Structures are given as C-alpha cells and as structure tokens.
>>> print(open('entry-v8.cif').read())   # mmCIF, C-alpha atoms, pLDDT in the B column; chains and numbers go by the auth columns
data_final
loop_
_atom_site.group_PDB
_atom_site.id
_atom_site.type_symbol
_atom_site.label_atom_id
_atom_site.label_comp_id
_atom_site.label_asym_id
_atom_site.label_seq_id
_atom_site.Cartn_x
_atom_site.Cartn_y
_atom_site.Cartn_z
_atom_site.B_iso_or_equiv
_atom_site.auth_seq_id
_atom_site.auth_asym_id
ATOM 1 C CA MET A 1 -8.226 14.873 0.118 60.00 1 N
ATOM 2 C CA PHE A 2 -9.979 14.461 -3.182 67.00 2 N
ATOM 3 C CA HIS A 3 -12.487 11.740 -3.925 79.00 3 N
ATOM 4 C CA ARG A 4 -10.871 9.368 -6.406 81.00 4 N
ATOM 5 C CA ASN A 5 -13.416 10.159 -9.161 86.00 5 N
ATOM 6 C CA ILE A 6 -12.607 13.882 -9.012 90.00 6 N
ATOM 7 C CA LYS A 7 -9.114 13.020 -10.220 90.00 7 N
ATOM 8 C CA LEU A 8 -10.590 11.300 -13.295 92.00 8 N
ATOM 9 C CA ILE A 9 -12.927 14.227 -13.950 94.00 9 N
ATOM 10 C CA LEU A 10 -9.989 16.651 -13.783 94.00 10 N
ATOM 11 C CA ALA A 11 -8.000 14.437 -16.159 95.00 11 N
ATOM 12 C CA GLY A 12 -10.956 14.336 -18.581 96.00 12 N
ATOM 13 C CA LEU A 13 -11.341 18.112 -18.500 96.00 13 N
ATOM 14 C CA ILE A 14 -7.633 18.662 -19.101 97.00 14 N
ATOM 15 C CA ILE A 15 -7.694 16.175 -22.002 97.00 15 N
ATOM 16 C CA ALA A 16 -10.684 17.999 -23.494 97.00 16 N
ATOM 17 C CA LEU A 17 -8.838 21.297 -23.100 96.00 17 N
ATOM 18 C CA GLY A 18 -5.777 19.739 -24.756 96.00 18 N
ATOM 19 C CA ILE A 19 -7.847 18.545 -27.722 96.00 19 N
ATOM 20 C CA TRP A 20 -9.379 22.014 -28.013 96.00 20 N
ATOM 21 C CA GLN A 21 -5.846 23.446 -28.106 96.00 21 N
ATOM 22 C CA PHE A 22 -5.002 21.066 -30.959 95.00 22 N
ATOM 23 C CA THR A 23 -8.027 22.319 -32.934 95.00 23 N
ATOM 24 C CA GLU A 24 -6.887 25.911 -32.343 94.00 24 N
ATOM 25 C CA SER A 25 -3.441 25.006 -33.825 93.00 25 N
ATOM 26 C CA ASN A 26 -1.691 25.349 -30.464 93.00 26 N
ATOM 27 C CA ILE A 27 0.109 22.017 -30.722 94.00 27 N
ATOM 28 C CA GLY A 28 2.584 22.691 -27.907 95.00 28 N
ATOM 29 C CA ASN A 29 -0.147 23.595 -25.442 95.00 29 N
ATOM 30 C CA GLY A 30 -2.155 20.521 -26.471 95.00 30 N
ATOM 31 C CA ILE A 31 0.791 18.175 -25.960 96.00 31 N
ATOM 32 C CA PHE A 32 1.574 19.753 -22.591 96.00 32 N
ATOM 33 C CA LEU A 33 -2.022 19.409 -21.419 96.00 33 N
ATOM 34 C CA LEU A 34 -2.225 15.772 -22.508 96.00 34 N
ATOM 35 C CA LEU A 35 0.975 15.003 -20.620 96.00 35 N
ATOM 36 C CA PHE A 36 -0.276 16.987 -17.621 96.00 36 N
ATOM 37 C CA SER A 37 -3.479 14.921 -17.541 96.00 37 N
ATOM 38 C CA THR A 38 -1.445 11.734 -17.061 95.00 38 N
ATOM 39 C CA ILE A 39 -0.471 13.001 -13.598 93.00 39 N
ATOM 40 C CA PHE A 40 -4.101 12.856 -12.460 91.00 40 N
ATOM 41 C CA ILE A 41 -4.570 9.433 -14.038 92.00 41 N
ATOM 42 C CA PHE A 42 -1.431 8.200 -12.256 92.00 42 N
ATOM 43 C CA LEU A 43 -2.639 9.638 -8.944 88.00 43 N
ATOM 44 C CA TYR A 44 -5.963 7.833 -9.395 88.00 44 N
ATOM 45 C CA PHE A 45 -4.165 4.492 -9.170 86.00 45 N
ATOM 46 C CA LYS A 46 -1.282 5.521 -6.884 88.00 46 N
ATOM 47 C CA ASN A 47 -2.413 7.769 -4.064 88.00 47 N
ATOM 48 C CA GLU A 48 -0.008 10.610 -3.329 90.00 48 N
ATOM 49 C CA PHE A 49 -0.260 10.282 0.450 92.00 49 N
ATOM 50 C CA ILE A 50 0.499 6.568 0.370 92.00 50 N
ATOM 51 C CA LEU A 51 3.529 7.235 -1.848 92.00 51 N
ATOM 52 C CA LEU A 52 4.761 9.876 0.612 93.00 52 N
ATOM 53 C CA ALA A 53 4.154 7.482 3.547 94.00 53 N
ATOM 54 C CA PHE A 54 6.226 4.784 1.808 91.00 54 N
ATOM 55 C CA LEU A 55 8.991 7.352 1.278 94.00 55 N
ATOM 56 C CA GLN A 56 8.975 8.212 4.997 94.00 56 N
ATOM 57 C CA LEU A 57 8.920 4.508 5.898 91.00 57 N
ATOM 58 C CA ARG A 58 11.936 3.948 3.667 92.00 58 N
ATOM 59 C CA LYS A 59 13.744 6.649 5.657 94.00 59 N
ATOM 60 C CA GLN A 60 12.736 4.817 8.895 91.00 60 N
ATOM 61 C CA ASN A 61 10.640 7.859 9.905 92.00 61 N
ATOM 62 C CA MET A 62 7.584 6.209 11.452 91.00 62 N
ATOM 63 C CA GLU A 63 6.099 9.486 12.718 93.00 63 N
ATOM 64 C CA GLY A 64 6.338 11.031 9.250 93.00 64 N
ATOM 65 C CA ALA A 65 4.671 8.010 7.657 93.00 65 N
ATOM 66 C CA GLN A 66 1.872 8.165 10.225 93.00 66 N
ATOM 67 C CA LYS A 67 1.445 11.884 9.522 94.00 67 N
ATOM 68 C CA TRP A 68 0.996 11.312 5.782 94.00 68 N
ATOM 69 C CA LEU A 69 -1.400 8.409 6.339 92.00 69 N
ATOM 70 C CA SER A 70 -3.495 10.522 8.687 92.00 70 N
ATOM 71 C CA HIS A 71 -4.267 12.859 5.753 92.00 71 N
ATOM 72 C CA ILE A 72 -6.478 10.116 4.294 90.00 72 N
ATOM 73 C CA LYS A 73 -9.721 10.576 6.198 89.00 73 N
ATOM 74 C CA ASN A 74 -12.043 8.246 4.264 87.00 74 N
ATOM 75 C CA PRO A 75 -10.013 5.520 2.514 88.00 75 N
ATOM 76 C CA GLU A 76 -13.062 3.830 0.959 88.00 76 N
ATOM 77 C CA ALA A 77 -13.959 6.999 -0.972 84.00 77 N
ATOM 78 C CA ALA A 78 -10.462 8.262 -1.705 84.00 78 N
ATOM 79 C CA LEU A 79 -8.655 5.053 -2.684 88.00 79 N
ATOM 80 C CA VAL A 80 -9.106 2.259 -5.185 88.00 80 N
ATOM 81 C CA ARG A 81 -9.255 -1.281 -3.768 90.00 81 N
ATOM 82 C CA LYS A 82 -5.534 -2.118 -4.005 90.00 82 N
ATOM 83 C CA GLN A 83 -4.603 1.227 -2.473 92.00 83 N
ATOM 84 C CA GLN A 84 -6.940 0.493 0.433 93.00 84 N
ATOM 85 C CA GLY A 85 -4.924 -2.699 0.891 93.00 85 N
ATOM 86 C CA TYR A 86 -1.688 -0.712 1.045 93.00 86 N
ATOM 87 C CA PHE A 87 -3.305 1.807 3.404 94.00 87 N
ATOM 88 C CA ASN A 88 -4.089 -1.038 5.819 94.00 88 N
ATOM 89 C CA TYR A 89 -0.683 -2.639 5.195 93.00 89 N
ATOM 90 C CA LEU A 90 1.116 0.568 6.178 94.00 90 N
ATOM 91 C CA HIS A 91 -1.085 1.028 9.232 93.00 91 N
ATOM 92 C CA GLY A 92 -0.316 -2.564 10.223 93.00 92 N
ATOM 93 C CA ILE A 93 3.417 -1.937 9.979 91.00 93 N
ATOM 94 C CA LEU A 94 3.181 1.250 12.008 92.00 94 N
ATOM 95 C CA VAL A 95 0.887 -0.187 14.694 92.00 95 N
ATOM 96 C CA SER A 96 2.700 -3.536 14.997 88.00 96 N
ATOM 97 C CA GLN A 97 5.299 -2.002 17.281 86.00 97 N
ATOM 98 C CA THR A 98 2.724 -1.017 19.905 88.00 98 N
ATOM 99 C CA ASN A 99 -0.548 -2.960 19.491 89.00 99 N
ATOM 100 C CA LEU A 100 -0.450 -6.476 18.059 89.00 100 N
ATOM 101 C CA SER A 101 -4.232 -6.991 18.026 89.00 101 N
ATOM 102 C CA ALA A 102 -4.821 -3.850 15.951 91.00 102 N
ATOM 103 C CA ALA A 103 -1.900 -4.752 13.683 92.00 103 N
ATOM 104 C CA GLU A 104 -3.416 -8.196 13.102 92.00 104 N
ATOM 105 C CA LYS A 105 -6.700 -6.597 12.004 94.00 105 N
ATOM 106 C CA TYR A 106 -4.892 -4.233 9.639 94.00 106 N
ATOM 107 C CA PHE A 107 -2.797 -7.008 8.068 94.00 107 N
ATOM 108 C CA LYS A 108 -5.819 -9.300 7.601 93.00 108 N
ATOM 109 C CA LYS A 109 -7.749 -6.460 5.966 94.00 109 N
ATOM 110 C CA ALA A 110 -4.754 -5.666 3.715 94.00 110 N
ATOM 111 C CA ILE A 111 -4.550 -9.297 2.565 93.00 111 N
ATOM 112 C CA GLU A 112 -8.303 -9.360 1.988 93.00 112 N
ATOM 113 C CA LEU A 113 -8.203 -6.181 -0.126 92.00 113 N
ATOM 114 C CA GLY A 114 -5.124 -7.319 -1.999 88.00 114 N
ATOM 115 C CA LEU A 115 -1.572 -6.133 -2.466 89.00 115 N
ATOM 116 C CA ASN A 116 0.124 -5.737 -5.851 87.00 116 N
ATOM 117 C CA MET A 117 3.499 -7.223 -5.033 88.00 117 N
ATOM 118 C CA ASP A 118 4.150 -10.744 -3.778 88.00 118 N
ATOM 119 C CA GLN A 119 6.893 -9.408 -1.464 90.00 119 N
ATOM 120 C CA ASP A 120 4.408 -7.157 0.319 89.00 120 N
ATOM 121 C CA LEU A 121 1.949 -10.026 0.648 92.00 121 N
ATOM 122 C CA ALA A 122 4.720 -12.283 1.973 91.00 122 N
ATOM 123 C CA LEU A 123 5.727 -9.674 4.545 91.00 123 N
ATOM 124 C CA ALA A 124 2.118 -9.219 5.663 92.00 124 N
ATOM 125 C CA LYS A 125 1.740 -12.985 6.106 92.00 125 N
ATOM 126 C CA LEU A 126 5.065 -13.155 7.924 91.00 126 N
ATOM 127 C CA GLN A 127 3.905 -10.432 10.313 92.00 127 N
ATOM 128 C CA LEU A 128 0.623 -12.290 10.859 93.00 128 N
ATOM 129 C CA ALA A 129 2.588 -15.469 11.548 92.00 129 N
ATOM 130 C CA GLY A 130 4.625 -13.618 14.164 90.00 130 N
ATOM 131 C CA ILE A 131 1.468 -12.299 15.795 91.00 131 N
ATOM 132 C CA ALA A 132 -0.100 -15.786 15.756 90.00 132 N
ATOM 133 C CA MET A 133 3.075 -17.153 17.303 90.00 133 N
ATOM 134 C CA THR A 134 2.949 -14.661 20.180 88.00 134 N
ATOM 135 C CA LYS A 135 -0.682 -15.671 20.779 88.00 135 N
ATOM 136 C CA ARG A 136 0.298 -19.373 20.826 87.00 136 N
ATOM 137 C CA ARG A 137 -1.610 -20.318 17.662 87.00 137 N
ATOM 138 C CA LYS A 138 0.969 -22.737 16.266 88.00 138 N
ATOM 139 C CA VAL A 139 -1.063 -24.238 13.383 90.00 139 N
ATOM 140 C CA GLU A 140 -2.075 -20.824 12.034 90.00 140 N
ATOM 141 C CA ALA A 141 1.499 -19.548 12.352 89.00 141 N
ATOM 142 C CA THR A 142 2.858 -22.586 10.478 90.00 142 N
ATOM 143 C CA ASN A 143 0.360 -22.155 7.644 91.00 143 N
ATOM 144 C CA LEU A 144 1.131 -18.432 7.334 90.00 144 N
ATOM 145 C CA LEU A 145 4.877 -19.101 7.328 89.00 145 N
ATOM 146 C CA ASN A 146 4.482 -21.662 4.539 89.00 146 N
ATOM 147 C CA GLU A 147 2.406 -19.200 2.502 90.00 147 N
ATOM 148 C CA ALA A 148 4.992 -16.463 3.083 89.00 148 N
ATOM 149 C CA LYS A 149 7.760 -18.824 1.953 89.00 149 N
ATOM 150 C CA LYS A 150 5.875 -19.581 -1.297 90.00 150 N
ATOM 151 C CA LEU A 151 5.356 -15.878 -1.981 89.00 151 N
ATOM 152 C CA ASP A 152 8.992 -14.974 -1.246 85.00 152 N
ATOM 153 C CA LYS A 153 10.383 -15.806 -4.677 87.00 153 N
ATOM 154 C CA GLN A 154 13.502 -13.657 -4.325 88.00 154 N
ATOM 155 C CA ASN A 155 14.406 -15.081 -0.894 84.00 155 N
ATOM 156 C CA MET A 156 14.447 -11.651 0.745 87.00 156 N
ATOM 157 C CA LEU A 157 12.648 -12.963 3.822 86.00 157 N
ATOM 158 C CA LYS A 158 14.421 -16.319 3.907 83.00 158 N
ATOM 159 C CA ASP A 159 16.349 -15.612 7.129 88.00 159 N
ATOM 160 C CA GLN A 160 13.320 -14.235 8.961 89.00 160 N
ATOM 161 C CA ILE A 161 11.181 -17.220 7.924 86.00 161 N
ATOM 162 C CA LYS A 162 13.886 -19.653 9.053 87.00 162 N
ATOM 163 C CA MET A 163 14.270 -17.846 12.367 89.00 163 N
ATOM 164 C CA MET A 164 10.511 -17.886 12.976 87.00 164 N
ATOM 165 C CA LYS A 165 10.291 -21.611 12.129 86.00 165 N
ATOM 166 C CA ASP A 166 13.038 -22.288 14.676 86.00 166 N
ATOM 167 C CA GLN A 167 11.155 -20.279 17.305 85.00 167 N
ATOM 168 C CA LEU A 168 7.943 -22.086 16.394 83.00 168 N
ATOM 169 C CA LYS A 169 9.562 -25.426 17.266 82.00 169 N
ATOM 170 C CA LYS A 170 10.102 -24.175 20.827 80.00 170 N
ATOM 171 C CA ILE A 171 6.381 -23.505 21.352 75.00 171 N
#
>>> encode(input="entry-v8.cif", output="structure tokens")
Amino acid sequence: MFHRNIKLILAGLIIALGIWQFTESNIGNGIFLLLFSTIFIFLYFKNEFILLAFLQLRKQNMEGAQKWLSHIKNPEAALVRKQQGYFNYLHGILVSQTNLSAAEKYFKKAIELGLNMDQDLALAKLQLAGIAMTKRRKVEATNLLNEAKKLDKQNMLKDQIKMMKDQLKKI
C-alpha cells in the first residue's frame, strides 16, 4: 500500500517525463505519458482497494470486500479524508451483521469524516438509527431517521425508513 503522496510524486515524475518527450519531438510518447499520469491522480482521490471492495459488496461478496479492505493497513496515511470516511462506512456495513457496537463506531466515524454522496450518508444514518433502536434510544433513532429522510432525495430508502418508523412506534 502506497502512501497517498507517493501517488502524486509518481504522477509528477511521469508528467515531467511526458514534457521531456514533447521537447524531444516524441509527441505520441508525451501524450501517452500525460494520459498515464492521470491514473495516479485518479487513484490519489479514489483508492483502488476501496473501489475493489465496493465492487465485491455490489456482488454481495462480504468476504471479498473484507479481504480488499484488509489491504489498507494505515488508512490515515494512505487515504484522503473522504476516502477514510468510505473506509469506515464499508467496515460499518461489513461489521453490522455481527457486532452492532463496533458498527456504530464505524458509522459515526464515517459521518464525522464525511461521505461524498447523500445516499451513502442517508444509509449510514439509517443504520445508526437501527442500532439506536435496538439499544432503546428512541429520541436518537427518531432524529437519525428524520435526517436520513431529508438526505434521501431519490426515495431509495423510503420503504426502509417507513418500516423503521413503524417499529419505533412499538418501542
């Protein structure tokens, strides 16, 4: 696992090599190297292991997602802030099936670090509301459900929110 700044240094070196190729009249090589450097810039903002973990999660392969996430040994050094949020978000999803207390910590940390998409933030808050509901914290669960409903602009979680509100009335 590379430190995130090494990716920028590699991109800078490849760009410098591409510019040198332009000065040597090797236009094709220069264009290729400039395009190649964008891969490292992309991977600075979107970590490759998190992308592979999301792919495994999409296939419903929880063990595969956990395997890819385990490749990230030091998330503070290897990931930018938003990616650290997604690292914790994915860990929360994976751990929520076995350990609710650990999942709650991961989801709270993910919300604190930030997530790019409102849908991901809504799902994290919905999960936290479910955890709060199982721990009999009705006020916290209600607040989290209301926040999740505001963030769910495309109504993808509408049924789950409605179901949880109905269950919350029984507590």
>>> residues_around(input="entry-v8.cif", residues="Thr134 in chain N", least_positions_apart="5", cutoff="10 Å", atoms="only C-alpha atoms", output="list in words")
Leu100, Leu128, Ala129, Ala141, Leu168 and Ile171 of chain N
>>> resolve_selection(input="entry-v8.cif", expression="the PyMOL selection byres ((chain N and resi 108-123) around 6)", output="list in words")
Lys82, Gly85, Asn88, Tyr89, Lys105, Tyr106, Phe107, Ala124, Lys125, Leu126, Ala148, Leu151 and Asp152 of chain N
>>> closest_residue(input="entry-v8.cif", among="N:Leu52, N:Leu8, N:Met156, N:Ala65", to="Ile39 in chain N", atoms="all atoms listed in the file")
N:Leu8
>>> atom_distance(input="entry-v8.cif", atom1="CA of Tyr44 in chain N", atom2="CA of Lys7 in chain N")
6.1 Å
>>> resolve_selection(input="entry-v8.cif", expression="the PyMOL selection byres ((chain N and resi 73) around 12)", output="list in words")
Met1, Phe2, His3, Phe49, Lys67, Trp68, Leu69, Ser70, His71, Ile72, Asn74, Pro75, Glu76, Ala77, Ala78, Leu79, Gln84 and Phe87 of chain N
>>> atom_distance(input="entry-v8.cif", atom1="CA of Ala16 in chain N", atom2="CA of Ile50 in chain N")
28.7 Å
>>> residues_around(input="entry-v8.cif", residues="Met163 in chain N", least_positions_apart="4", cutoff="12 Å", atoms="only C-alpha atoms", output="ChimeraX atom specification")
/N:126,129-130,145,157-159,167-170
>>> build_atoms(input="entry-v8.cif", residues="range 127-138 of chain N", atoms="all heavy atoms", output="PDB file, keeping the file's coordinate frame")
ATOM      1  N   GLN N 127       4.289 -11.191   9.121  1.00 92.00           N
ATOM      2  CA  GLN N 127       3.905 -10.432  10.313  1.00 92.00           C
ATOM      3  C   GLN N 127       2.740 -11.117  11.037  1.00 92.00           C
ATOM      4  O   GLN N 127       2.735 -11.214  12.263  1.00 92.00           O
ATOM      5  CB  GLN N 127       3.505  -9.005   9.928  1.00 92.00           C
ATOM      6  CG  GLN N 127       4.652  -8.147   9.452  1.00 92.00           C
ATOM      7  CD  GLN N 127       5.520  -7.665  10.592  1.00 92.00           C
ATOM      8  OE1 GLN N 127       5.129  -7.685  11.754  1.00 92.00           O
ATOM      9  NE2 GLN N 127       6.727  -7.241  10.260  1.00 92.00           N
ATOM     10  N   LEU N 128       1.763 -11.577  10.251  1.00 93.00           N
ATOM     11  CA  LEU N 128       0.623 -12.290  10.859  1.00 93.00           C
ATOM     12  C   LEU N 128       1.082 -13.577  11.536  1.00 93.00           C
ATOM     13  O   LEU N 128       0.554 -13.947  12.592  1.00 93.00           O
ATOM     14  CB  LEU N 128      -0.435 -12.601   9.801  1.00 93.00           C
ATOM     15  CG  LEU N 128      -1.385 -11.475   9.445  1.00 93.00           C
ATOM     16  CD1 LEU N 128      -2.280 -11.874   8.281  1.00 93.00           C
ATOM     17  CD2 LEU N 128      -2.230 -11.087  10.642  1.00 93.00           C
ATOM     18  N   ALA N 129       2.054 -14.247  10.936  1.00 92.00           N
ATOM     19  CA  ALA N 129       2.588 -15.469  11.548  1.00 92.00           C
ATOM     20  C   ALA N 129       3.263 -15.144  12.876  1.00 92.00           C
ATOM     21  O   ALA N 129       3.111 -15.881  13.859  1.00 92.00           O
ATOM     22  CB  ALA N 129       3.571 -16.154  10.602  1.00 92.00           C
ATOM     23  N   GLY N 130       3.989 -14.038  12.914  1.00 90.00           N
ATOM     24  CA  GLY N 130       4.625 -13.618  14.164  1.00 90.00           C
ATOM     25  C   GLY N 130       3.605 -13.295  15.241  1.00 90.00           C
ATOM     26  O   GLY N 130       3.784 -13.649  16.413  1.00 90.00           O
ATOM     27  N   ILE N 131       2.526 -12.633  14.839  1.00 91.00           N
ATOM     28  CA  ILE N 131       1.468 -12.299  15.795  1.00 91.00           C
ATOM     29  C   ILE N 131       0.788 -13.574  16.294  1.00 91.00           C
ATOM     30  O   ILE N 131       0.510 -13.725  17.481  1.00 91.00           O
ATOM     31  CB  ILE N 131       0.463 -11.330  15.153  1.00 91.00           C
ATOM     32  CG1 ILE N 131       1.133  -9.967  14.895  1.00 91.00           C
ATOM     33  CG2 ILE N 131      -0.768 -11.159  16.024  1.00 91.00           C
ATOM     34  CD1 ILE N 131       0.334  -9.029  14.026  1.00 91.00           C
ATOM     35  N   ALA N 132       0.527 -14.516  15.366  1.00 90.00           N
ATOM     36  CA  ALA N 132      -0.100 -15.786  15.756  1.00 90.00           C
ATOM     37  C   ALA N 132       0.822 -16.568  16.695  1.00 90.00           C
ATOM     38  O   ALA N 132       0.345 -17.229  17.624  1.00 90.00           O
ATOM     39  CB  ALA N 132      -0.425 -16.610  14.517  1.00 90.00           C
ATOM     40  N   MET N 133       2.115 -16.462  16.452  1.00 90.00           N
ATOM     41  CA  MET N 133       3.075 -17.153  17.303  1.00 90.00           C
ATOM     42  C   MET N 133       3.065 -16.579  18.723  1.00 90.00           C
ATOM     43  O   MET N 133       3.123 -17.332  19.702  1.00 90.00           O
ATOM     44  CB  MET N 133       4.478 -17.021  16.712  1.00 90.00           C
ATOM     45  CG  MET N 133       5.266 -18.284  16.728  1.00 90.00           C
ATOM     46  SD  MET N 133       6.738 -18.208  15.725  1.00 90.00           S
ATOM     47  CE  MET N 133       7.637 -16.861  16.393  1.00 90.00           C
ATOM     48  N   THR N 134       2.971 -15.266  18.844  1.00 88.00           N
ATOM     49  CA  THR N 134       2.949 -14.661  20.180  1.00 88.00           C
ATOM     50  C   THR N 134       1.661 -14.991  20.923  1.00 88.00           C
ATOM     51  O   THR N 134       1.646 -14.988  22.144  1.00 88.00           O
ATOM     52  CB  THR N 134       3.104 -13.124  20.116  1.00 88.00           C
ATOM     53  OG1 THR N 134       2.043 -12.582  19.328  1.00 88.00           O
ATOM     54  CG2 THR N 134       4.434 -12.735  19.538  1.00 88.00           C
ATOM     55  N   LYS N 135       0.595 -15.308  20.158  1.00 88.00           N
ATOM     56  CA  LYS N 135      -0.682 -15.671  20.779  1.00 88.00           C
ATOM     57  C   LYS N 135      -0.838 -17.190  20.914  1.00 88.00           C
ATOM     58  O   LYS N 135      -1.931 -17.680  21.155  1.00 88.00           O
ATOM     59  CB  LYS N 135      -1.843 -15.086  19.971  1.00 88.00           C
ATOM     60  CG  LYS N 135      -1.873 -13.570  20.022  1.00 88.00           C
ATOM     61  CD  LYS N 135      -3.058 -13.025  19.295  1.00 88.00           C
ATOM     62  CE  LYS N 135      -3.119 -11.514  19.445  1.00 88.00           C
ATOM     63  NZ  LYS N 135      -4.287 -10.942  18.810  1.00 88.00           N
ATOM     64  N   ARG N 136       0.258 -17.916  20.664  1.00 87.00           N
ATOM     65  CA  ARG N 136       0.298 -19.373  20.826  1.00 87.00           C
ATOM     66  C   ARG N 136      -0.651 -20.117  19.886  1.00 87.00           C
ATOM     67  O   ARG N 136      -1.224 -21.139  20.258  1.00 87.00           O
ATOM     68  CB  ARG N 136       0.001 -19.773  22.268  1.00 87.00           C
ATOM     69  CG  ARG N 136       0.917 -19.175  23.280  1.00 87.00           C
ATOM     70  CD  ARG N 136       1.961 -20.151  23.651  1.00 87.00           C
ATOM     71  NE  ARG N 136       2.825 -19.612  24.697  1.00 87.00           N
ATOM     72  CZ  ARG N 136       4.108 -19.866  24.733  1.00 87.00           C
ATOM     73  NH1 ARG N 136       4.662 -20.637  23.842  1.00 87.00           N
ATOM     74  NH2 ARG N 136       4.844 -19.362  25.693  1.00 87.00           N
ATOM     75  N   ARG N 137      -0.802 -19.626  18.668  1.00 87.00           N
ATOM     76  CA  ARG N 137      -1.610 -20.318  17.662  1.00 87.00           C
ATOM     77  C   ARG N 137      -0.633 -20.933  16.654  1.00 87.00           C
ATOM     78  O   ARG N 137      -0.354 -20.367  15.596  1.00 87.00           O
ATOM     79  CB  ARG N 137      -2.569 -19.339  16.983  1.00 87.00           C
ATOM     80  CG  ARG N 137      -3.561 -18.733  17.957  1.00 87.00           C
ATOM     81  CD  ARG N 137      -4.624 -17.924  17.271  1.00 87.00           C
ATOM     82  NE  ARG N 137      -4.074 -16.889  16.415  1.00 87.00           N
ATOM     83  CZ  ARG N 137      -4.459 -15.611  16.418  1.00 87.00           C
ATOM     84  NH1 ARG N 137      -5.404 -15.214  17.235  1.00 87.00           N
ATOM     85  NH2 ARG N 137      -3.913 -14.747  15.605  1.00 87.00           N
ATOM     86  N   LYS N 138      -0.121 -22.102  17.003  1.00 88.00           N
ATOM     87  CA  LYS N 138       0.969 -22.737  16.266  1.00 88.00           C
ATOM     88  C   LYS N 138       0.559 -23.157  14.860  1.00 88.00           C
ATOM     89  O   LYS N 138       1.313 -22.962  13.904  1.00 88.00           O
ATOM     90  CB  LYS N 138       1.483 -23.939  17.060  1.00 88.00           C
ATOM     91  CG  LYS N 138       2.716 -24.571  16.480  1.00 88.00           C
ATOM     92  CD  LYS N 138       3.259 -25.645  17.385  1.00 88.00           C
ATOM     93  CE  LYS N 138       4.538 -26.225  16.799  1.00 88.00           C
ATOM     94  NZ  LYS N 138       5.149 -27.201  17.676  1.00 88.00           N
TER      95      LYS N 138
END
